[in-house]
Amino acid sequence: MKQQKESPAGFTQPNEANNSKQCKDKKKPRYCKPESIKQLECELWEQKRIKYPNIPSECLAPIKHTDKTANGLTKAIIAFIKLKGGQAERINTTGRLIDRRKTYTDVVRFKRTIGSVEWVKGTTTPGSADISATVAGKSVKIEVKIGADRQSEKQKQYQSDIERAGGIYYIAKDFTSFVNWYNEMFERS
């Protein structure tokens, strides 16, 4: 039987080996970067080498992308569209923060903060997509959804409005399927 440690206060602590075994059982599967992301990084690296030919490779900042988070996937999609000659930008729909707090020092030199913080609703259309792009002269809106994330009713209405107007709307769940969709849509020979 494994020994348990006793703390100075007399409490017993579980053995570290048992603790680490329990943690290992609850770990999520390790993220494995898809080949499409690796290819994007290689192409962006080559572009960077051409842009900065006089700087040694080891002095250039590495280019890293991921598709395991919504933020990472959004950045990768924007980089890919720009690499292919399109225009893409992230759309911020959260509004903005107004900070009305003031900090002062009282007579006994304590710092005090008074006031409030307030969110002001954004002016974008409700349900706007995460990425707005122009590819081959066409308006493209891309909504990024990771894991169990689903479209809201406002996002579904926005999608219908875009498609009715002749635009292209795509829901990106991972980078590989986005690249496949992009190649089918825009890289036909």
# chains A, B, ... in the order shown; residues from 1 in each chain; ligands from 1
>>> closest_atom_pairs(of="region 67-184 of chain A", to="region 41-60 of chain A", cutoff="9 Å", atoms="only C-alpha atoms", output="JSON lines")
{"residue": "A:Ala79", "atom": "CA", "partner": "A:Leu44", "partner_atom": "CA", "distance": 8.3}
{"residue": "A:Phe80", "atom": "CA", "partner": "A:Leu44", "partner_atom": "CA", "distance": 8.7}
{"residue": "A:Leu83", "atom": "CA", "partner": "A:Leu44", "partner_atom": "CA", "distance": 7.4}
>>> write_last_selection(atoms="N, CA and C atoms", output="PDB file, in the first residue's frame")
ATOM      1  N   ALA A  79      -6.212  34.629 -42.534  1.00  0.00           N
ATOM      2  CA  ALA A  79      -4.868  34.517 -43.125  1.00  0.00           C
ATOM      3  C   ALA A  79      -4.921  33.751 -44.445  1.00  0.00           C
ATOM      4  N   PHE A  80      -5.705  32.670 -44.497  1.00  0.00           N
ATOM      5  CA  PHE A  80      -5.820  31.852 -45.703  1.00  0.00           C
ATOM      6  C   PHE A  80      -6.426  32.663 -46.851  1.00  0.00           C
ATOM      7  N   LEU A  83      -3.971  35.147 -48.099  1.00  0.00           N
ATOM      8  CA  LEU A  83      -2.905  34.454 -48.815  1.00  0.00           C
ATOM      9  C   LEU A  83      -3.324  34.120 -50.240  1.00  0.00           C
TER      10      LEU A  83
END
>>> residues_around(residues="Ile131 (chain A)", least_positions_apart="6", cutoff="6 Å", atoms="only C-alpha atoms", output="VMD selection string")
chain A and resid 89 to 91 141 to 142
>>> write_last_selection(atoms="N, CA and C atoms", output="tab-separated table (two decimals), in the first residue's frame")
chain	number	residue	atom	x	y	z
A	89	GLU	N	-11.86	40.28	-43.15
A	89	GLU	CA	-11.72	40.98	-41.88
A	89	GLU	C	-12.67	40.41	-40.86
A	90	ARG	N	-12.25	40.52	-39.61
A	90	ARG	CA	-13.07	40.06	-38.49
A	90	ARG	C	-14.12	41.12	-38.18
A	91	ILE	N	-15.33	40.68	-37.86
A	91	ILE	CA	-16.40	41.59	-37.51
A	91	ILE	C	-16.63	41.49	-36.00
A	141	LYS	N	-19.59	35.68	-46.35
A	141	LYS	CA	-19.71	35.82	-44.89
A	141	LYS	C	-19.45	34.45	-44.28
A	142	ILE	N	-18.60	34.42	-43.25
A	142	ILE	CA	-18.22	33.15	-42.63
A	142	ILE	C	-18.52	33.23	-41.13
>>> residues_around(residues="Ile162 (chain A)", least_positions_apart="6", cutoff="12 Å", atoms="only C-alpha atoms", output="list of chain:residue names")
A:Thr125, A:Gly127, A:Ser128, A:Ala129, A:Ser132, A:Lys138, A:Ser139, A:Val140, A:Lys141, A:Ile142, A:Gln155, A:Lys156, A:Ile168, A:Tyr169, A:Tyr170
>>> write_last_selection(atoms="N, CA and C atoms", output="PDB file, in the first residue's frame")
ATOM      1  N   THR A 125     -25.344  44.693 -37.515  1.00  0.00           N
ATOM      2  CA  THR A 125     -26.601  44.001 -37.704  1.00  0.00           C
ATOM      3  C   THR A 125     -26.661  42.794 -36.778  1.00  0.00           C
ATOM      4  N   GLY A 127     -26.829  39.233 -35.448  1.00  0.00           N
ATOM      5  CA  GLY A 127     -26.566  37.957 -36.104  1.00  0.00           C
ATOM      6  C   GLY A 127     -25.454  38.005 -37.131  1.00  0.00           C
ATOM      7  N   SER A 128     -24.738  39.128 -37.241  1.00  0.00           N
ATOM      8  CA  SER A 128     -23.658  39.259 -38.229  1.00  0.00           C
ATOM      9  C   SER A 128     -22.660  38.120 -38.108  1.00  0.00           C
ATOM     10  N   ALA A 129     -22.095  37.738 -39.249  1.00  0.00           N
ATOM     11  CA  ALA A 129     -21.099  36.666 -39.282  1.00  0.00           C
ATOM     12  C   ALA A 129     -19.798  37.149 -38.654  1.00  0.00           C
ATOM     13  N   SER A 132     -16.118  38.822 -42.602  1.00  0.00           N
ATOM     14  CA  SER A 132     -16.668  39.367 -43.841  1.00  0.00           C
ATOM     15  C   SER A 132     -15.528  39.383 -44.848  1.00  0.00           C
ATOM     16  N   LYS A 138     -16.865  38.264 -55.081  1.00  0.00           N
ATOM     17  CA  LYS A 138     -18.112  37.849 -54.439  1.00  0.00           C
ATOM     18  C   LYS A 138     -18.061  38.145 -52.939  1.00  0.00           C
ATOM     19  N   SER A 139     -19.207  38.556 -52.389  1.00  0.00           N
ATOM     20  CA  SER A 139     -19.312  38.796 -50.956  1.00  0.00           C
ATOM     21  C   SER A 139     -19.466  37.462 -50.235  1.00  0.00           C
ATOM     22  N   VAL A 140     -18.572  37.222 -49.281  1.00  0.00           N
ATOM     23  CA  VAL A 140     -18.583  35.968 -48.532  1.00  0.00           C
ATOM     24  C   VAL A 140     -18.643  36.290 -47.036  1.00  0.00           C
ATOM     25  N   LYS A 141     -19.592  35.675 -46.346  1.00  0.00           N
ATOM     26  CA  LYS A 141     -19.713  35.821 -44.894  1.00  0.00           C
ATOM     27  C   LYS A 141     -19.447  34.454 -44.278  1.00  0.00           C
ATOM     28  N   ILE A 142     -18.599  34.421 -43.247  1.00  0.00           N
ATOM     29  CA  ILE A 142     -18.219  33.155 -42.627  1.00  0.00           C
ATOM     30  C   ILE A 142     -18.517  33.228 -41.131  1.00  0.00           C
ATOM     31  N   GLN A 155     -28.726  34.712 -36.213  1.00  0.00           N
ATOM     32  CA  GLN A 155     -27.701  34.315 -37.187  1.00  0.00           C
ATOM     33  C   GLN A 155     -28.327  33.579 -38.368  1.00  0.00           C
ATOM     34  N   LYS A 156     -29.332  32.757 -38.117  1.00  0.00           N
ATOM     35  CA  LYS A 156     -30.025  32.065 -39.210  1.00  0.00           C
ATOM     36  C   LYS A 156     -30.745  33.065 -40.114  1.00  0.00           C
ATOM     37  N   ILE A 168     -22.571  34.794 -50.379  1.00  0.00           N
ATOM     38  CA  ILE A 168     -22.230  33.419 -50.000  1.00  0.00           C
ATOM     39  C   ILE A 168     -22.045  33.385 -48.493  1.00  0.00           C
ATOM     40  N   TYR A 169     -22.654  32.394 -47.854  1.00  0.00           N
ATOM     41  CA  TYR A 169     -22.575  32.257 -46.392  1.00  0.00           C
ATOM     42  C   TYR A 169     -22.063  30.857 -46.088  1.00  0.00           C
ATOM     43  N   TYR A 170     -21.084  30.764 -45.184  1.00  0.00           N
ATOM     44  CA  TYR A 170     -20.524  29.461 -44.841  1.00  0.00           C
ATOM     45  C   TYR A 170     -20.322  29.375 -43.336  1.00  0.00           C
TER      46      TYR A 170
END
>>> closest_atom_pairs(of="region 37-105 of chain A", to="region 114-122 of chain A", cutoff="7 Å", atoms="only C-alpha atoms", output="tab-separated table")
residue	atom	partner	partner_atom	distance
A:Thr93	CA	A:Gly122	CA	5.9
A:Thr94	CA	A:Gly122	CA	5.9
A:Gly95	CA	A:Gly122	CA	3.6
A:Arg96	CA	A:Val120	CA	5.4
A:Leu97	CA	A:Trp119	CA	4.6
A:Ile98	CA	A:Glu118	CA	5.2
A:Asp99	CA	A:Val117	CA	4.6
A:Arg100	CA	A:Ser116	CA	5.3
A:Arg101	CA	A:Gly115	CA	4.1
A:Lys102	CA	A:Ile114	CA	5.4
A:Thr103	CA	A:Ile114	CA	6.5
>>> atom_distance(atom1="CA of Lys173 (chain A)", atom2="CA of Pro62 (chain A)")
25.0 Å
>>> atom_distance(atom1="CA of Ile81 (chain A)", atom2="CA of Gly167 (chain A)")
16.4 Å
